[in-house]
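Next comes coords.txt, a file with compact mmCIF, C-alpha atoms.
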```txt
# COMPACT_ATOMS: atom_id res chain seq x y z
CA MET K 20 117.75 81.45 89.11
CA ILE K 21 114.57 81.28 91.12
CA ARG K 22 111.63 83.03 89.49
CA LEU K 23 108.74 83.81 91.78
CA ARG K 24 105.58 85.24 90.31
CA LEU K 25 103.65 86.93 93.07
CA VAL K 26 100.45 88.76 92.32
CA LEU K 27 100.97 91.75 94.56
CA PRO K 28 98.44 94.55 94.84
CA CYS K 29 100.17 97.31 92.92
CA LEU K 30 103.00 97.40 95.47
CA LEU K 31 105.43 99.75 93.88
CA VAL K 32 103.02 101.69 91.73
CA ALA K 33 101.04 102.68 94.79
CA LEU K 34 104.21 103.89 96.48
CA TRP K 35 106.15 106.09 94.12
CA LEU K 36 104.02 106.70 91.10
CA PRO K 37 100.91 108.64 90.20
CA ALA K 38 97.86 106.46 89.72
CA MET K 39 97.75 104.64 86.41
CA ALA K 40 94.85 105.29 84.03
CA ALA K 41 91.69 103.56 85.25
CA GLU K 42 91.20 101.66 82.00
CA GLU K 43 94.63 100.00 82.17
CA PRO K 44 94.63 96.77 84.15
CA ALA K 45 97.30 96.51 86.84
CA ALA K 46 100.20 94.33 85.79
CA ASP K 47 101.42 91.54 88.03
CA THR K 48 104.47 92.33 90.12
CA VAL K 49 107.22 89.83 89.35
CA ILE K 50 110.19 89.26 91.66
CA GLN K 51 113.19 87.27 90.41
CA SER K 52 116.27 86.35 92.45
CA GLN K 53 118.94 83.69 92.81
CA SER K 54 117.47 82.56 96.13
CA CYS K 55 114.46 83.16 98.31
CA GLU K 56 113.27 82.32 101.80
CA ILE K 57 109.66 82.89 102.85
CA THR K 58 108.49 82.65 106.47
CA SER K 59 104.87 83.11 107.56
CA THR K 60 103.19 83.74 110.87
CA ASP K 61 99.45 83.95 111.49
CA THR K 62 99.44 87.65 110.57
CA GLN K 63 102.32 88.38 108.19
CA THR K 64 104.79 86.94 105.74
CA LEU K 65 108.49 87.82 105.49
CA SER K 66 110.03 87.15 102.08
CA VAL K 67 113.80 87.56 101.70
CA PHE K 68 115.17 87.57 98.14
CA THR K 69 118.93 87.57 97.56
CA GLY K 70 121.27 87.64 94.57
CA ASN K 71 120.51 89.65 91.43
CA VAL K 72 117.06 90.66 92.62
CA THR K 73 114.77 92.21 90.01
CA VAL K 74 111.25 93.51 90.63
CA THR K 75 109.08 94.54 87.68
CA GLY K 76 105.50 95.74 87.42
CA ASN K 77 103.40 98.61 86.09
CA ASP K 78 106.16 100.59 84.38
CA ILE K 79 108.61 100.20 87.27
CA ARG K 80 111.78 98.19 87.69
CA ILE K 81 113.87 97.72 90.84
CA THR K 82 117.20 95.92 90.97
CA CYS K 83 119.22 95.25 94.13
CA ASP K 84 121.32 92.64 95.95
CA ARG K 85 118.72 91.88 98.64
CA LEU K 86 115.02 92.54 99.07
CA ASP K 87 113.09 92.02 102.33
CA VAL K 88 109.31 92.19 101.92
CA VAL K 89 106.90 92.13 104.87
CA SER K 90 103.27 91.64 103.85
CA LEU K 91 100.17 91.25 105.96
CA ARG K 92 98.33 88.02 105.29
CA SER K 93 94.98 86.39 105.71
CA GLY K 94 93.65 82.92 105.10
CA GLY K 95 93.81 79.69 107.01
CA LYS K 96 96.54 79.37 109.61
CA GLN K 97 97.53 76.06 108.03
CA ASP K 98 98.13 77.71 104.62
CA THR K 99 101.83 77.92 103.78
CA LEU K 100 101.71 81.45 102.38
CA GLY K 101 98.13 82.56 102.86
CA LYS K 102 96.66 85.42 100.87
CA GLN K 103 98.95 88.45 100.66
CA GLU K 104 96.69 91.37 101.53
CA ARG K 105 98.95 94.43 101.62
CA PHE K 106 102.51 95.40 102.22
CA LYS K 107 103.84 96.64 105.50
CA SER K 108 107.36 97.35 104.23
CA LEU K 109 109.82 96.63 101.49
CA VAL K 110 113.55 97.14 102.03
CA ALA K 111 116.01 96.93 99.13
CA THR K 112 119.73 96.91 99.89
CA GLY K 113 122.94 96.79 97.88
CA LYS K 114 123.30 98.57 94.52
CA VAL K 115 119.64 99.64 94.48
CA ARG K 116 118.30 101.08 91.21
CA ILE K 117 114.66 102.13 90.83
CA THR K 118 113.52 103.10 87.33
CA GLN K 119 110.06 104.37 86.38
CA GLY K 120 109.21 106.38 83.32
CA ASP K 121 111.74 109.17 82.95
CA ARG K 122 112.86 108.98 86.60
CA GLU K 123 115.66 106.91 88.05
CA ALA K 124 116.95 106.58 91.62
CA THR K 125 120.11 104.88 92.87
CA CYS K 126 121.29 104.23 96.43
CA GLU K 127 122.53 101.51 98.78
CA HIS K 128 119.34 101.27 100.85
CA ALA K 129 115.70 101.99 99.94
CA GLU K 130 112.91 101.64 102.49
CA VAL K 131 109.40 101.58 101.06
CA LEU K 132 106.60 102.26 103.54
CA PRO K 133 103.24 101.94 101.77
CA GLY K 134 101.23 103.07 104.81
CA GLU K 135 103.16 106.34 104.81
CA ASP K 136 103.20 106.72 100.99
CA ARG K 137 106.94 107.27 100.84
CA ILE K 138 110.30 105.80 99.95
CA THR K 139 113.42 106.77 101.92
CA LEU K 140 116.73 106.49 100.06
CA THR K 141 120.05 106.36 101.95
CA GLY K 142 123.60 105.38 101.12
CA ARG K 143 124.68 107.95 98.52
CA PRO K 144 121.21 108.39 97.00
CA MET K 145 120.74 110.12 93.66
CA VAL K 146 117.49 110.85 91.84
CA ILE K 147 117.65 111.72 88.15
CA ASP K 148 114.66 113.16 86.29
CA HIS K 149 115.46 112.72 82.61
CA GLY K 150 112.26 114.61 81.72
CA ASN K 151 113.61 117.92 83.01
CA ASN K 152 117.32 117.02 83.01
CA SER K 153 117.77 117.46 86.77
CA THR K 154 119.65 115.52 89.44
CA ALA K 155 119.17 115.51 93.23
CA THR K 156 121.55 114.09 95.83
CA GLY K 157 121.44 114.25 99.62
CA GLU K 158 121.31 112.04 102.69
CA PRO K 159 118.56 110.93 103.06
CA LEU K 160 116.25 111.64 100.14
CA ILE K 161 112.55 110.99 100.65
CA LEU K 162 110.21 110.44 97.68
CA TYR K 163 106.45 110.82 98.08
CA ARG K 164 103.77 108.74 96.38
CA GLY K 165 101.97 110.40 93.49
CA GLU K 166 104.11 113.53 93.66
CA ARG K 167 107.22 114.72 91.92
CA ARG K 168 108.50 115.83 95.30
CA ILE K 169 111.73 115.11 97.16
CA ASN K 170 112.67 116.08 100.72
CA GLY K 171 116.13 115.65 102.13
CA THR K 172 119.08 117.09 103.99
CA ASN K 173 122.47 118.10 102.64
CA VAL K 174 120.74 118.31 99.27
CA ARG K 175 122.44 119.28 96.05
CA ILE K 176 120.25 119.90 93.00
CA VAL K 177 121.70 120.21 89.50
CA LEU K 178 119.36 121.81 86.96
CA PRO K 179 119.72 122.72 83.30
CA PRO K 180 121.48 126.04 82.66
CA LEU K 181 119.50 129.22 83.24
CA ARG K 182 118.94 131.41 80.21
CA ASP K 183 121.37 134.32 80.07
CA LEU K 184 119.49 137.27 81.56
CA GLY K 185 122.40 139.64 80.98
CA PHE K 186 122.70 142.29 78.34
CA ASP K 187 124.63 142.69 75.13
CA ARG K 188 127.54 145.04 75.86
CA GLN K 189 127.65 146.00 72.17
CA GLN K 190 124.09 147.42 72.20
CA PRO K 191 123.25 150.88 73.58
CA PRO K 192 121.00 150.90 76.66
CA PRO K 193 117.26 151.22 75.96
CA VAL K 194 115.69 154.66 76.18
CA PRO K 195 113.13 154.92 79.00
CA THR K 196 109.58 155.56 77.78
CA GLU K 197 108.19 156.78 81.10
CA GLU K 198 109.55 159.02 83.75
CA PRO K 199 111.26 157.00 86.47
CA HIS K 200 109.41 156.58 89.75
CA LYS K 201 110.41 159.11 92.36
CA LEU K 202 110.77 158.24 95.98
CA PRO K 203 108.94 160.53 98.47
```
Written form, structure tokens:
Amino acid sequence: MIRLRLVLPCLLVALWLPAMAAEEPAADTVIQSQSCEITSTDTQTLSVFTGNVTVTGNDIRITCDRLDVVSLRSGGKQDTLGKQERFKSLVATGKVRITQGDREATCEHAEVLPGEDRITLTGRPMVIDHGNNSTATGEPLILYRGERRINGTNVRIVLPPLRDLGFDRQQPPPVPTEEPHKLP
């Protein structure tokens, strides 16, 4: 198994999560996979990770079959990788699972666009919020950075049961204390 330790500027945290407390230092983002191919141009780097891909960092974990990362780079043109400045896109495919805190998302394709502060999930996406015991499905589902917000089409939301707002048939009806409002 190839283990690549890339110090990436809060990639996933900046995309899906609220900002971490200022006093906590940002954890390195670690990407592990069975194989990797990295290609650089003068302006960007394409990293393709395949086989049991795992990304961890700042209370987030992503697993998938393939991960394509495009990052903008700086540094000397002769440098093999150069300095990774910021991410242009991250695309996870095949049995994607994103876990952070009490939230979990699964799908076949997740497209992370840091410049747009969103993640688009397609391929039977499902988002589970264990904190409020709710589940959302749809095609696609779009998650927004720093918000507990989902947009989508053909959405189905499952929430905990509503409290029974009915009445007890065994009890007599309450006696009104005021005269009912009369219509003019």
Legend entry - For atom CA of Cys126 of chain K and atom CA of Thr112 of chain K, the interatomic separation in Å (one decimal): 8.2 Å
Legend entry - Expected residue set, 12 Å radius at (111.1, 83.4, 107.0), all atoms listed in the file, as an MDAnalysis selection string: chainID K and resid 55:60 63:68 87:90 99:100
Inset, instruction - Have a look at K:Glu123, K:Glu166, K:Glu135, K:Glu130 and name the one nearest to Gly150 of chain K; count all atoms listed in the file. - result: K:Glu123
Legend entry - Non-local contacts of Thr154 of chain K (6 Å; all atoms listed in the file; under 6 positions in same chain excluded) as a PyMOL selection string: chain K and resi 146-147+176-177
Centre and edges of the segment 180-185 of chain K box, axis-aligned, 3 Å extra per side, as lines of an AutoDock Vina configuration file:
```
center_x = 120.7
center_y = 132.8
center_z = 81.7
size_x = 9.5
size_y = 19.6
size_z = 9.2
```
Legend entry - Which residue of K:Ser108, K:Thr172, K:Gln190, K:Thr69 approaches Leu91 of chain K most closely, using all atoms listed in the file: K:Ser108
Inset, instruction - Just the residues within 9 Å of Asp148 of chain K, please, counting only C-alpha atoms, with nothing from its chain fewer than 3 positions along; format it as JSON, numbers by chain. - result: {"K": [121, 122, 123, 124, 151, 152, 153, 154, 155]}
Legend entry - Residues near Val74 of chain K, cut-off 9 Å, only C-alpha atoms, skip fewer than 5 positions along chain, as a PyMOL selection string: chain K and resi 48-52+79-83
Write out, as a PDB file, keeping the file's coordinate frame, the residues just selected, with C-alpha atoms.
```pdb
ATOM      1  CA  THR K  48     104.470  92.330  90.120  1.00  0.00           C
ATOM      2  CA  VAL K  49     107.220  89.830  89.350  1.00  0.00           C
ATOM      3  CA  ILE K  50     110.190  89.260  91.660  1.00  0.00           C
ATOM      4  CA  GLN K  51     113.190  87.270  90.410  1.00  0.00           C
ATOM      5  CA  SER K  52     116.270  86.350  92.450  1.00  0.00           C
ATOM      6  CA  ILE K  79     108.610 100.200  87.270  1.00  0.00           C
ATOM      7  CA  ARG K  80     111.780  98.190  87.690  1.00  0.00           C
ATOM      8  CA  ILE K  81     113.870  97.720  90.840  1.00  0.00           C
ATOM      9  CA  THR K  82     117.200  95.920  90.970  1.00  0.00           C
ATOM     10  CA  CYS K  83     119.220  95.250  94.130  1.00  0.00           C
TER      11      CYS K  83
END
```
